[in-house]
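To start, the structure itself, in structure tokens.
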Amino acid sequence: TILDVLAYNTYITSYNANMVSNEVFLDSATLRENVVSLARNIGYLPKSRKSSTAFVSFFVDTSDIIPRPSTITLKKGPVASSAGNFGNASYIFSIAEDITVPVVDNTASFNNIRINEGSLLTTNFTYSSRDPNQKFILPNIGIDTDLITISVKTDNSEFAPSTKYSRQDSLFDITSDSNVFYLQESADEQYEVFFGDNVFGKALEDGNFITANYIVSNGDAANGINQFQFAGRLTYSLSGAEYVVTSGISLVSSGTKSSGGATIESVDSIKKYAP
């Protein structure tokens, strides 16, 4: 009957209203996006996924390399992989910046290099002052926010000067000229980068070219690895030419197992620690 239909409609409407009202409060919200948004209102940034870390060493014998290098550079990106299968999976470990060492007695030694599990990715943006709603969202899940590096160039030309920006979590000790960036978690466990406003940090200018480098990891799944094989890229430069080193590379050694990997902070943890 019409009364049954009206009663059912009232029941559904009441249920939906109750669920919506629950999502307005931090204690009762269940959807991650809503919990993160409510925590943001009180200045809390949930912990991101953390990359497992290891320290490795290896050396390069340059006695058979022609022409002879004076330094050798380990390029940013992949450096080592787990030897064999670890838990039925193989993991890549990377570095975020180039490492250059001198050649001494025909040997270039890379000692105790910190490597982080995951792939090094790059995302670029061009700032436009004509787009007031422009957002700089890193389009990947599993980013370790501690390993994000941001640089800004005046434009996208090859010879434009580049300035490195540092991450800031508070407004203290920040001036209008500070080269800083801020982070907040957005939808689907992705992260949004935003910049100052010429009050709390330097604002972007029209045409600025932004480069974000970051590592996407598997969290705690890569903890416990202590056997690695080299997977990096070695180069050196002479007289303006770049050469790639493919021989004389020793085995990769590590004194300790990889550790420190962790999953992204859970909804329950955010509710507990945000207030």
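So you can find residues: chains in the structure tokens are A, B, ... in the order shown, residues in each start at 1, and ligands are numbered from 1 in order.
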### Query
If you run DSSP on this backbone, which residues of region 220-271 of chain A come out as helix (DSSP H, G or I), and could you give them as a PyMOL selection string?
chain A and resi 220-222+267-271
### Task
Name the residues in contact with region 111-128 of chain A at a cut-off of 9 Å, using only C-alpha atoms, excluding same-chain residues fewer than 6 positions from it; report them as JSON, numbers by chain.
{"A": [51, 52, 53, 54, 55, 56, 57, 58, 59, 76, 77, 78, 79, 80, 81, 91, 92, 93, 94, 95, 96, 99, 134, 136, 138, 139, 147, 155, 156, 204, 205, 206, 207, 208, 209, 210, 211, 212, 213, 214, 215, 216, 217, 218, 219, 222, 254, 258, 261]}
### Task
Between A:Gly248, A:Pro67, A:Pro275, A:Gly196, single out the one closest to Arg40 (chain A), counting only C-alpha atoms.
A:Pro275
### Query
Of the residues A:Asn198, A:Ser247, A:Gln168, A:Thr263, which is the one nearest to Ile148 (chain A), using only C-alpha atoms?
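So, comparing all the options, the nearest one is A:Gln168.
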### Query
What does the distance between CA of Asn133 (chain A) and CA of Val36 (chain A) come to in Å, to one decimal place?
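The value is 20.6 Å.
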### Query
Suppose you want the space between CA of Ala241 (chain A) and CA of Ser70 (chain A); what is it in Å?
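Computing the Euclidean distance for CA of Ala241 (chain A) and CA of Ser70 (chain A) yields 13.6 Å.
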### Task
Name the residues in contact with region 178-193 of chain A at a cut-off of 6 Å, using only C-alpha atoms, excluding same-chain residues fewer than 5 positions from it; report them as a PyMOL selection string.
chain A and resi 136-138+141+165-168+201-202
Check region 40-253 of chain A with DSSP on the backbone and list each residue it calls strand (DSSP E or B), as a PDB file with N, CA and C atoms, in the first residue's frame.
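Saved the output as part-v8.pdb:
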```
ATOM      1  N   LYS A  50      55.821   3.316   4.624  1.00  0.00           N
ATOM      2  CA  LYS A  50      57.251   3.527   4.800  1.00  0.00           C
ATOM      3  C   LYS A  50      58.045   2.475   4.031  1.00  0.00           C
ATOM      4  N   THR A  53      64.460  -0.103   4.460  1.00  0.00           N
ATOM      5  CA  THR A  53      65.784   0.474   4.228  1.00  0.00           C
ATOM      6  C   THR A  53      66.878  -0.545   4.471  1.00  0.00           C
ATOM      7  N   ALA A  54      67.905  -0.486   3.633  1.00  0.00           N
ATOM      8  CA  ALA A  54      69.082  -1.333   3.822  1.00  0.00           C
ATOM      9  C   ALA A  54      70.323  -0.514   3.496  1.00  0.00           C
ATOM     10  N   PHE A  55      71.475  -0.985   3.968  1.00  0.00           N
ATOM     11  CA  PHE A  55      72.755  -0.351   3.670  1.00  0.00           C
ATOM     12  C   PHE A  55      73.637  -1.377   2.968  1.00  0.00           C
ATOM     13  N   VAL A  56      74.122  -1.012   1.792  1.00  0.00           N
ATOM     14  CA  VAL A  56      74.908  -1.950   0.983  1.00  0.00           C
ATOM     15  C   VAL A  56      76.240  -1.315   0.591  1.00  0.00           C
ATOM     16  N   SER A  57      77.170  -2.181   0.230  1.00  0.00           N
ATOM     17  CA  SER A  57      78.490  -1.740  -0.224  1.00  0.00           C
ATOM     18  C   SER A  57      78.911  -2.564  -1.430  1.00  0.00           C
ATOM     19  N   PHE A  58      79.668  -1.942  -2.313  1.00  0.00           N
ATOM     20  CA  PHE A  58      80.274  -2.646  -3.437  1.00  0.00           C
ATOM     21  C   PHE A  58      81.389  -1.766  -3.988  1.00  0.00           C
ATOM     22  N   PHE A  59      82.198  -2.318  -4.865  1.00  0.00           N
ATOM     23  CA  PHE A  59      83.264  -1.516  -5.465  1.00  0.00           C
ATOM     24  C   PHE A  59      83.336  -1.807  -6.955  1.00  0.00           C
ATOM     25  N   VAL A  60      84.016  -0.906  -7.671  1.00  0.00           N
ATOM     26  CA  VAL A  60      84.190  -1.045  -9.113  1.00  0.00           C
ATOM     27  C   VAL A  60      85.688  -1.047  -9.416  1.00  0.00           C
ATOM     28  N   ASP A  61      86.154  -2.095 -10.053  1.00  0.00           N
ATOM     29  CA  ASP A  61      87.557  -2.196 -10.494  1.00  0.00           C
ATOM     30  C   ASP A  61      87.665  -1.538 -11.863  1.00  0.00           C
ATOM     31  N   THR A  71      86.382   9.731 -11.477  1.00  0.00           N
ATOM     32  CA  THR A  71      85.255   9.531 -10.565  1.00  0.00           C
ATOM     33  C   THR A  71      84.225   8.638 -11.257  1.00  0.00           C
ATOM     34  N   ILE A  72      83.378   8.002 -10.468  1.00  0.00           N
ATOM     35  CA  ILE A  72      82.282   7.209 -11.009  1.00  0.00           C
ATOM     36  C   ILE A  72      81.002   7.586 -10.263  1.00  0.00           C
ATOM     37  N   THR A  73      79.938   7.704 -11.021  1.00  0.00           N
ATOM     38  CA  THR A  73      78.654   8.125 -10.453  1.00  0.00           C
ATOM     39  C   THR A  73      77.637   6.998 -10.520  1.00  0.00           C
ATOM     40  N   LEU A  74      77.019   6.736  -9.384  1.00  0.00           N
ATOM     41  CA  LEU A  74      75.880   5.817  -9.315  1.00  0.00           C
ATOM     42  C   LEU A  74      74.629   6.647  -9.514  1.00  0.00           C
ATOM     43  N   GLY A  77      67.837   6.161  -8.925  1.00  0.00           N
ATOM     44  CA  GLY A  77      66.947   5.136  -9.440  1.00  0.00           C
ATOM     45  C   GLY A  77      67.318   3.786  -8.866  1.00  0.00           C
ATOM     46  N   PRO A  78      67.031   2.704  -9.583  1.00  0.00           N
ATOM     47  CA  PRO A  78      67.322   1.368  -9.058  1.00  0.00           C
ATOM     48  C   PRO A  78      68.810   1.166  -8.800  1.00  0.00           C
ATOM     49  N   VAL A  79      69.120   0.497  -7.687  1.00  0.00           N
ATOM     50  CA  VAL A  79      70.507   0.191  -7.333  1.00  0.00           C
ATOM     51  C   VAL A  79      70.697  -1.309  -7.170  1.00  0.00           C
ATOM     52  N   ALA A  80      69.774  -1.947  -6.488  1.00  0.00           N
ATOM     53  CA  ALA A  80      69.909  -3.379  -6.200  1.00  0.00           C
ATOM     54  C   ALA A  80      68.530  -4.017  -6.167  1.00  0.00           C
ATOM     55  N   SER A  81      68.531  -5.322  -6.345  1.00  0.00           N
ATOM     56  CA  SER A  81      67.297  -6.096  -6.215  1.00  0.00           C
ATOM     57  C   SER A  81      67.549  -7.237  -5.252  1.00  0.00           C
ATOM     58  N   SER A  82      66.487  -7.736  -4.691  1.00  0.00           N
ATOM     59  CA  SER A  82      66.630  -8.874  -3.785  1.00  0.00           C
ATOM     60  C   SER A  82      67.117 -10.072  -4.593  1.00  0.00           C
ATOM     61  N   ILE A  92      62.849  -4.231  -5.677  1.00  0.00           N
ATOM     62  CA  ILE A  92      63.855  -3.297  -6.167  1.00  0.00           C
ATOM     63  C   ILE A  92      64.143  -2.270  -5.078  1.00  0.00           C
ATOM     64  N   PHE A  93      65.424  -1.941  -4.895  1.00  0.00           N
ATOM     65  CA  PHE A  93      65.840  -0.906  -3.955  1.00  0.00           C
ATOM     66  C   PHE A  93      66.496   0.232  -4.735  1.00  0.00           C
ATOM     67  N   SER A  94      66.170   1.458  -4.359  1.00  0.00           N
ATOM     68  CA  SER A  94      66.574   2.627  -5.147  1.00  0.00           C
ATOM     69  C   SER A  94      67.212   3.699  -4.276  1.00  0.00           C
ATOM     70  N   ILE A  95      67.829   4.675  -4.958  1.00  0.00           N
ATOM     71  CA  ILE A  95      68.299   5.898  -4.305  1.00  0.00           C
ATOM     72  C   ILE A  95      67.654   7.081  -5.008  1.00  0.00           C
ATOM     73  N   ILE A  99      75.065   9.493  -6.636  1.00  0.00           N
ATOM     74  CA  ILE A  99      76.183   9.401  -5.696  1.00  0.00           C
ATOM     75  C   ILE A  99      77.469   9.276  -6.502  1.00  0.00           C
ATOM     76  N   THR A 100      78.401  10.188  -6.285  1.00  0.00           N
ATOM     77  CA  THR A 100      79.673  10.191  -7.003  1.00  0.00           C
ATOM     78  C   THR A 100      80.817   9.939  -6.039  1.00  0.00           C
ATOM     79  N   VAL A 101      81.709   9.012  -6.396  1.00  0.00           N
ATOM     80  CA  VAL A 101      82.874   8.708  -5.564  1.00  0.00           C
ATOM     81  C   VAL A 101      84.136   8.789  -6.413  1.00  0.00           C
ATOM     82  N   PRO A 102      85.288   9.104  -5.798  1.00  0.00           N
ATOM     83  CA  PRO A 102      86.548   9.169  -6.557  1.00  0.00           C
ATOM     84  C   PRO A 102      87.106   7.775  -6.831  1.00  0.00           C
ATOM     85  N   VAL A 103      87.921   7.690  -7.854  1.00  0.00           N
ATOM     86  CA  VAL A 103      88.643   6.452  -8.165  1.00  0.00           C
ATOM     87  C   VAL A 103      90.028   6.541  -7.537  1.00  0.00           C
ATOM     88  N   VAL A 104      90.325   5.622  -6.636  1.00  0.00           N
ATOM     89  CA  VAL A 104      91.610   5.600  -5.941  1.00  0.00           C
ATOM     90  C   VAL A 104      92.265   4.240  -6.184  1.00  0.00           C
ATOM     91  N   THR A 107      90.201   1.796  -8.084  1.00  0.00           N
ATOM     92  CA  THR A 107      89.019   1.258  -7.396  1.00  0.00           C
ATOM     93  C   THR A 107      88.106   2.399  -6.964  1.00  0.00           C
ATOM     94  N   ALA A 108      86.844   2.263  -7.317  1.00  0.00           N
ATOM     95  CA  ALA A 108      85.812   3.192  -6.837  1.00  0.00           C
ATOM     96  C   ALA A 108      84.952   2.448  -5.827  1.00  0.00           C
ATOM     97  N   SER A 109      84.969   2.915  -4.586  1.00  0.00           N
ATOM     98  CA  SER A 109      84.276   2.203  -3.507  1.00  0.00           C
ATOM     99  C   SER A 109      83.006   2.931  -3.103  1.00  0.00           C
ATOM    100  N   PHE A 110      81.911   2.190  -3.117  1.00  0.00           N
ATOM    101  CA  PHE A 110      80.624   2.699  -2.646  1.00  0.00           C
ATOM    102  C   PHE A 110      80.318   1.979  -1.332  1.00  0.00           C
ATOM    103  N   ASN A 111      80.493   2.689  -0.231  1.00  0.00           N
ATOM    104  CA  ASN A 111      80.395   2.065   1.085  1.00  0.00           C
ATOM    105  C   ASN A 111      79.160   2.541   1.844  1.00  0.00           C
ATOM    106  N   ASN A 112      78.458   1.582   2.423  1.00  0.00           N
ATOM    107  CA  ASN A 112      77.299   1.862   3.285  1.00  0.00           C
ATOM    108  C   ASN A 112      76.319   2.830   2.638  1.00  0.00           C
ATOM    109  N   ILE A 113      75.919   2.512   1.426  1.00  0.00           N
ATOM    110  CA  ILE A 113      74.928   3.321   0.720  1.00  0.00           C
ATOM    111  C   ILE A 113      73.539   2.964   1.244  1.00  0.00           C
ATOM    112  N   ARG A 114      72.800   3.982   1.609  1.00  0.00           N
ATOM    113  CA  ARG A 114      71.422   3.740   2.052  1.00  0.00           C
ATOM    114  C   ARG A 114      70.529   3.576   0.834  1.00  0.00           C
ATOM    115  N   ILE A 115      69.858   2.445   0.751  1.00  0.00           N
ATOM    116  CA  ILE A 115      68.924   2.190  -0.339  1.00  0.00           C
ATOM    117  C   ILE A 115      67.540   1.947   0.234  1.00  0.00           C
ATOM    118  N   ASN A 116      66.531   2.370  -0.500  1.00  0.00           N
ATOM    119  CA  ASN A 116      65.145   2.237  -0.048  1.00  0.00           C
ATOM    120  C   ASN A 116      64.361   1.392  -1.032  1.00  0.00           C
ATOM    121  N   GLU A 117      63.592   0.458  -0.486  1.00  0.00           N
ATOM    122  CA  GLU A 117      62.810  -0.428  -1.347  1.00  0.00           C
ATOM    123  C   GLU A 117      61.739   0.362  -2.090  1.00  0.00           C
ATOM    124  N   SER A 119      60.291   1.768  -6.295  1.00  0.00           N
ATOM    125  CA  SER A 119      60.668   2.367  -7.576  1.00  0.00           C
ATOM    126  C   SER A 119      60.668   3.879  -7.457  1.00  0.00           C
ATOM    127  N   LEU A 120      61.719   4.506  -7.999  1.00  0.00           N
ATOM    128  CA  LEU A 120      61.803   5.965  -8.010  1.00  0.00           C
ATOM    129  C   LEU A 120      61.014   6.493  -9.205  1.00  0.00           C
ATOM    130  N   LEU A 121      60.010   7.323  -8.932  1.00  0.00           N
ATOM    131  CA  LEU A 121      59.160   7.877  -9.980  1.00  0.00           C
ATOM    132  C   LEU A 121      59.271   9.396  -9.989  1.00  0.00           C
ATOM    133  N   THR A 122      58.924   9.981 -11.128  1.00  0.00           N
ATOM    134  CA  THR A 122      58.976  11.429 -11.290  1.00  0.00           C
ATOM    135  C   THR A 122      57.668  11.926 -11.878  1.00  0.00           C
ATOM    136  N   THR A 123      57.130  12.989 -11.297  1.00  0.00           N
ATOM    137  CA  THR A 123      55.933  13.640 -11.830  1.00  0.00           C
ATOM    138  C   THR A 123      56.234  15.129 -11.973  1.00  0.00           C
ATOM    139  N   ASN A 124      55.873  15.692 -13.113  1.00  0.00           N
ATOM    140  CA  ASN A 124      56.122  17.103 -13.404  1.00  0.00           C
ATOM    141  C   ASN A 124      54.819  17.883 -13.497  1.00  0.00           C
ATOM    142  N   PHE A 125      54.878  19.143 -13.085  1.00  0.00           N
ATOM    143  CA  PHE A 125      53.742  20.051 -13.185  1.00  0.00           C
ATOM    144  C   PHE A 125      54.235  21.402 -13.686  1.00  0.00           C
ATOM    145  N   THR A 126      53.366  22.128 -14.347  1.00  0.00           N
ATOM    146  CA  THR A 126      53.640  23.513 -14.714  1.00  0.00           C
ATOM    147  C   THR A 126      52.584  24.393 -14.070  1.00  0.00           C
ATOM    148  N   PHE A 136      48.344  19.921  -7.345  1.00  0.00           N
ATOM    149  CA  PHE A 136      49.521  19.123  -7.672  1.00  0.00           C
ATOM    150  C   PHE A 136      49.420  17.808  -6.901  1.00  0.00           C
ATOM    151  N   ILE A 137      48.789  16.824  -7.514  1.00  0.00           N
ATOM    152  CA  ILE A 137      48.542  15.543  -6.864  1.00  0.00           C
ATOM    153  C   ILE A 137      49.471  14.485  -7.442  1.00  0.00           C
ATOM    154  N   LEU A 138      50.195  13.793  -6.577  1.00  0.00           N
ATOM    155  CA  LEU A 138      51.088  12.716  -7.007  1.00  0.00           C
ATOM    156  C   LEU A 138      50.230  11.478  -7.275  1.00  0.00           C
ATOM    157  N   ILE A 143      53.247   5.853  -1.682  1.00  0.00           N
ATOM    158  CA  ILE A 143      54.373   6.789  -1.617  1.00  0.00           C
ATOM    159  C   ILE A 143      54.865   6.916  -0.176  1.00  0.00           C
ATOM    160  N   THR A 149      61.137  14.464  -2.873  1.00  0.00           N
ATOM    161  CA  THR A 149      61.965  15.648  -3.117  1.00  0.00           C
ATOM    162  C   THR A 149      61.284  16.498  -4.182  1.00  0.00           C
ATOM    163  N   ILE A 150      61.297  17.808  -3.961  1.00  0.00           N
ATOM    164  CA  ILE A 150      60.643  18.753  -4.865  1.00  0.00           C
ATOM    165  C   ILE A 150      61.659  19.797  -5.314  1.00  0.00           C
ATOM    166  N   SER A 151      61.728  20.043  -6.608  1.00  0.00           N
ATOM    167  CA  SER A 151      62.540  21.132  -7.138  1.00  0.00           C
ATOM    168  C   SER A 151      61.680  21.963  -8.078  1.00  0.00           C
ATOM    169  N   VAL A 152      61.973  23.255  -8.129  1.00  0.00           N
ATOM    170  CA  VAL A 152      61.188  24.195  -8.934  1.00  0.00           C
ATOM    171  C   VAL A 152      62.127  24.991  -9.826  1.00  0.00           C
ATOM    172  N   LYS A 153      61.801  25.034 -11.125  1.00  0.00           N
ATOM    173  CA  LYS A 153      62.542  25.842 -12.084  1.00  0.00           C
ATOM    174  C   LYS A 153      61.658  27.006 -12.539  1.00  0.00           C
ATOM    175  N   SER A 162      67.375  25.653 -11.150  1.00  0.00           N
ATOM    176  CA  SER A 162      66.482  24.814 -10.350  1.00  0.00           C
ATOM    177  C   SER A 162      66.735  25.058  -8.864  1.00  0.00           C
ATOM    178  N   THR A 163      65.672  25.161  -8.091  1.00  0.00           N
ATOM    179  CA  THR A 163      65.753  25.388  -6.653  1.00  0.00           C
ATOM    180  C   THR A 163      65.092  24.229  -5.921  1.00  0.00           C
ATOM    181  N   LYS A 164      65.813  23.642  -4.969  1.00  0.00           N
ATOM    182  CA  LYS A 164      65.249  22.542  -4.193  1.00  0.00           C
ATOM    183  C   LYS A 164      64.399  23.103  -3.055  1.00  0.00           C
ATOM    184  N   TYR A 165      63.210  22.543  -2.906  1.00  0.00           N
ATOM    185  CA  TYR A 165      62.291  22.935  -1.847  1.00  0.00           C
ATOM    186  C   TYR A 165      62.287  21.855  -0.764  1.00  0.00           C
ATOM    187  N   SER A 166      62.149  22.277   0.474  1.00  0.00           N
ATOM    188  CA  SER A 166      62.134  21.338   1.594  1.00  0.00           C
ATOM    189  C   SER A 166      60.726  21.207   2.149  1.00  0.00           C
ATOM    190  N   ARG A 167      60.428  20.020   2.647  1.00  0.00           N
ATOM    191  CA  ARG A 167      59.102  19.779   3.212  1.00  0.00           C
ATOM    192  C   ARG A 167      58.985  20.437   4.578  1.00  0.00           C
ATOM    193  N   VAL A 180      59.714  26.212   0.616  1.00  0.00           N
ATOM    194  CA  VAL A 180      59.137  25.060   1.302  1.00  0.00           C
ATOM    195  C   VAL A 180      57.897  24.582   0.559  1.00  0.00           C
ATOM    196  N   PHE A 181      57.559  23.325   0.817  1.00  0.00           N
ATOM    197  CA  PHE A 181      56.291  22.789   0.323  1.00  0.00           C
ATOM    198  C   PHE A 181      55.602  22.038   1.455  1.00  0.00           C
ATOM    199  N   TYR A 182      54.308  21.837   1.300  1.00  0.00           N
ATOM    200  CA  TYR A 182      53.506  21.157   2.296  1.00  0.00           C
ATOM    201  C   TYR A 182      52.803  19.965   1.638  1.00  0.00           C
ATOM    202  N   LEU A 183      52.404  19.015   2.466  1.00  0.00           N
ATOM    203  CA  LEU A 183      51.723  17.821   1.983  1.00  0.00           C
ATOM    204  C   LEU A 183      50.398  17.630   2.693  1.00  0.00           C
ATOM    205  N   GLN A 184      49.457  17.032   1.990  1.00  0.00           N
ATOM    206  CA  GLN A 184      48.252  16.547   2.625  1.00  0.00           C
ATOM    207  C   GLN A 184      47.759  15.334   1.840  1.00  0.00           C
ATOM    208  N   GLU A 185      47.183  14.373   2.574  1.00  0.00           N
ATOM    209  CA  GLU A 185      46.648  13.190   1.913  1.00  0.00           C
ATOM    210  C   GLU A 185      45.337  13.546   1.236  1.00  0.00           C
ATOM    211  N   TYR A 191      48.774  11.806  -2.521  1.00  0.00           N
ATOM    212  CA  TYR A 191      49.203  12.989  -1.776  1.00  0.00           C
ATOM    213  C   TYR A 191      49.202  14.219  -2.667  1.00  0.00           C
ATOM    214  N   GLU A 192      48.781  15.325  -2.069  1.00  0.00           N
ATOM    215  CA  GLU A 192      48.769  16.604  -2.761  1.00  0.00           C
ATOM    216  C   GLU A 192      49.894  17.477  -2.222  1.00  0.00           C
ATOM    217  N   VAL A 193      50.631  18.081  -3.139  1.00  0.00           N
ATOM    218  CA  VAL A 193      51.702  19.010  -2.791  1.00  0.00           C
ATOM    219  C   VAL A 193      51.165  20.426  -2.972  1.00  0.00           C
ATOM    220  N   PHE A 194      51.405  21.282  -1.994  1.00  0.00           N
ATOM    221  CA  PHE A 194      51.052  22.679  -2.181  1.00  0.00           C
ATOM    222  C   PHE A 194      52.142  23.564  -1.595  1.00  0.00           C
ATOM    223  N   PHE A 195      52.136  24.813  -2.029  1.00  0.00           N
ATOM    224  CA  PHE A 195      53.251  25.714  -1.752  1.00  0.00           C
ATOM    225  C   PHE A 195      52.776  26.936  -0.968  1.00  0.00           C
ATOM    226  N   VAL A 199      53.506  34.518   2.390  1.00  0.00           N
ATOM    227  CA  VAL A 199      53.444  34.814   3.819  1.00  0.00           C
ATOM    228  C   VAL A 199      54.096  33.661   4.568  1.00  0.00           C
ATOM    229  N   GLY A 201      55.915  30.938   3.380  1.00  0.00           N
ATOM    230  CA  GLY A 201      56.624  30.287   2.294  1.00  0.00           C
ATOM    231  C   GLY A 201      56.474  31.038   0.988  1.00  0.00           C
ATOM    232  N   PHE A 209      58.131  25.438 -13.313  1.00  0.00           N
ATOM    233  CA  PHE A 209      58.105  24.012 -13.649  1.00  0.00           C
ATOM    234  C   PHE A 209      58.501  23.224 -12.413  1.00  0.00           C
ATOM    235  N   ILE A 210      57.603  22.366 -11.956  1.00  0.00           N
ATOM    236  CA  ILE A 210      57.781  21.638 -10.694  1.00  0.00           C
ATOM    237  C   ILE A 210      58.092  20.184 -10.992  1.00  0.00           C
ATOM    238  N   THR A 211      59.150  19.674 -10.358  1.00  0.00           N
ATOM    239  CA  THR A 211      59.522  18.270 -10.497  1.00  0.00           C
ATOM    240  C   THR A 211      59.456  17.608  -9.133  1.00  0.00           C
ATOM    241  N   ALA A 212      58.671  16.544  -9.046  1.00  0.00           N
ATOM    242  CA  ALA A 212      58.541  15.776  -7.809  1.00  0.00           C
ATOM    243  C   ALA A 212      59.123  14.386  -8.019  1.00  0.00           C
ATOM    244  N   ASN A 213      60.116  14.026  -7.220  1.00  0.00           N
ATOM    245  CA  ASN A 213      60.679  12.676  -7.222  1.00  0.00           C
ATOM    246  C   ASN A 213      60.253  11.980  -5.931  1.00  0.00           C
ATOM    247  N   TYR A 214      59.851  10.725  -6.046  1.00  0.00           N
ATOM    248  CA  TYR A 214      59.397  10.006  -4.860  1.00  0.00           C
ATOM    249  C   TYR A 214      59.502   8.511  -5.107  1.00  0.00           C
ATOM    250  N   ILE A 215      59.496   7.762  -4.015  1.00  0.00           N
ATOM    251  CA  ILE A 215      59.614   6.306  -4.089  1.00  0.00           C
ATOM    252  C   ILE A 215      58.293   5.667  -3.687  1.00  0.00           C
ATOM    253  N   VAL A 216      57.811   4.780  -4.542  1.00  0.00           N
ATOM    254  CA  VAL A 216      56.609   4.001  -4.269  1.00  0.00           C
ATOM    255  C   VAL A 216      57.051   2.621  -3.795  1.00  0.00           C
ATOM    256  N   PHE A 228      71.490  -9.168  -1.888  1.00  0.00           N
ATOM    257  CA  PHE A 228      71.171  -8.253  -2.974  1.00  0.00           C
ATOM    258  C   PHE A 228      72.060  -8.518  -4.177  1.00  0.00           C
ATOM    259  N   GLN A 229      71.547  -8.168  -5.338  1.00  0.00           N
ATOM    260  CA  GLN A 229      72.362  -8.181  -6.540  1.00  0.00           C
ATOM    261  C   GLN A 229      72.258  -6.817  -7.226  1.00  0.00           C
ATOM    262  N   PHE A 230      73.364  -6.415  -7.853  1.00  0.00           N
ATOM    263  CA  PHE A 230      73.432  -5.064  -8.417  1.00  0.00           C
ATOM    264  C   PHE A 230      72.439  -4.907  -9.565  1.00  0.00           C
ATOM    265  N   LEU A 234      75.941   2.811 -13.620  1.00  0.00           N
ATOM    266  CA  LEU A 234      77.169   3.535 -13.291  1.00  0.00           C
ATOM    267  C   LEU A 234      77.682   4.277 -14.520  1.00  0.00           C
ATOM    268  N   THR A 235      78.087   5.521 -14.325  1.00  0.00           N
ATOM    269  CA  THR A 235      78.591   6.315 -15.443  1.00  0.00           C
ATOM    270  C   THR A 235      79.782   7.154 -14.993  1.00  0.00           C
ATOM    271  N   TYR A 236      80.498   7.693 -15.968  1.00  0.00           N
ATOM    272  CA  TYR A 236      81.506   8.717 -15.712  1.00  0.00           C
ATOM    273  C   TYR A 236      81.607   9.599 -16.945  1.00  0.00           C
ATOM    274  N   SER A 237      82.135  10.793 -16.751  1.00  0.00           N
ATOM    275  CA  SER A 237      82.220  11.761 -17.847  1.00  0.00           C
ATOM    276  C   SER A 237      83.659  12.183 -18.070  1.00  0.00           C
ATOM    277  N   LEU A 238      84.010  12.297 -19.336  1.00  0.00           N
ATOM    278  CA  LEU A 238      85.318  12.804 -19.744  1.00  0.00           C
ATOM    279  C   LEU A 238      85.149  13.636 -21.004  1.00  0.00           C
ATOM    280  N   ALA A 241      81.808  13.912 -22.681  1.00  0.00           N
ATOM    281  CA  ALA A 241      81.131  12.679 -23.091  1.00  0.00           C
ATOM    282  C   ALA A 241      80.853  11.819 -21.870  1.00  0.00           C
ATOM    283  N   GLU A 242      79.709  11.141 -21.887  1.00  0.00           N
ATOM    284  CA  GLU A 242      79.342  10.255 -20.785  1.00  0.00           C
ATOM    285  C   GLU A 242      79.537   8.802 -21.187  1.00  0.00           C
ATOM    286  N   TYR A 243      80.174   8.048 -20.301  1.00  0.00           N
ATOM    287  CA  TYR A 243      80.441   6.631 -20.538  1.00  0.00           C
ATOM    288  C   TYR A 243      79.700   5.805 -19.492  1.00  0.00           C
ATOM    289  N   VAL A 244      79.232   4.640 -19.901  1.00  0.00           N
ATOM    290  CA  VAL A 244      78.526   3.735 -19.005  1.00  0.00           C
ATOM    291  C   VAL A 244      79.455   2.609 -18.589  1.00  0.00           C
ATOM    292  N   VAL A 245      79.511   2.340 -17.295  1.00  0.00           N
ATOM    293  CA  VAL A 245      80.369   1.285 -16.748  1.00  0.00           C
ATOM    294  C   VAL A 245      79.547   0.000 -16.642  1.00  0.00           C
ATOM    295  N   ILE A 249      82.345  -4.661 -11.726  1.00  0.00           N
ATOM    296  CA  ILE A 249      81.465  -4.384 -10.584  1.00  0.00           C
ATOM    297  C   ILE A 249      81.438  -5.596  -9.659  1.00  0.00           C
ATOM    298  N   SER A 253      77.260  -6.348  -1.033  1.00  0.00           N
ATOM    299  CA  SER A 253      77.232  -6.916   0.316  1.00  0.00           C
ATOM    300  C   SER A 253      76.416  -6.033   1.249  1.00  0.00           C
TER     301      SER A 253
END
```
### Task
Could you please determine the separation between CA of Asn223 (chain A) and CA of Asn88 (chain A) in Å, to one decimal place?
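Pair CA of Asn223 (chain A) / CA of Asn88 (chain A) returns 13.5 Å.
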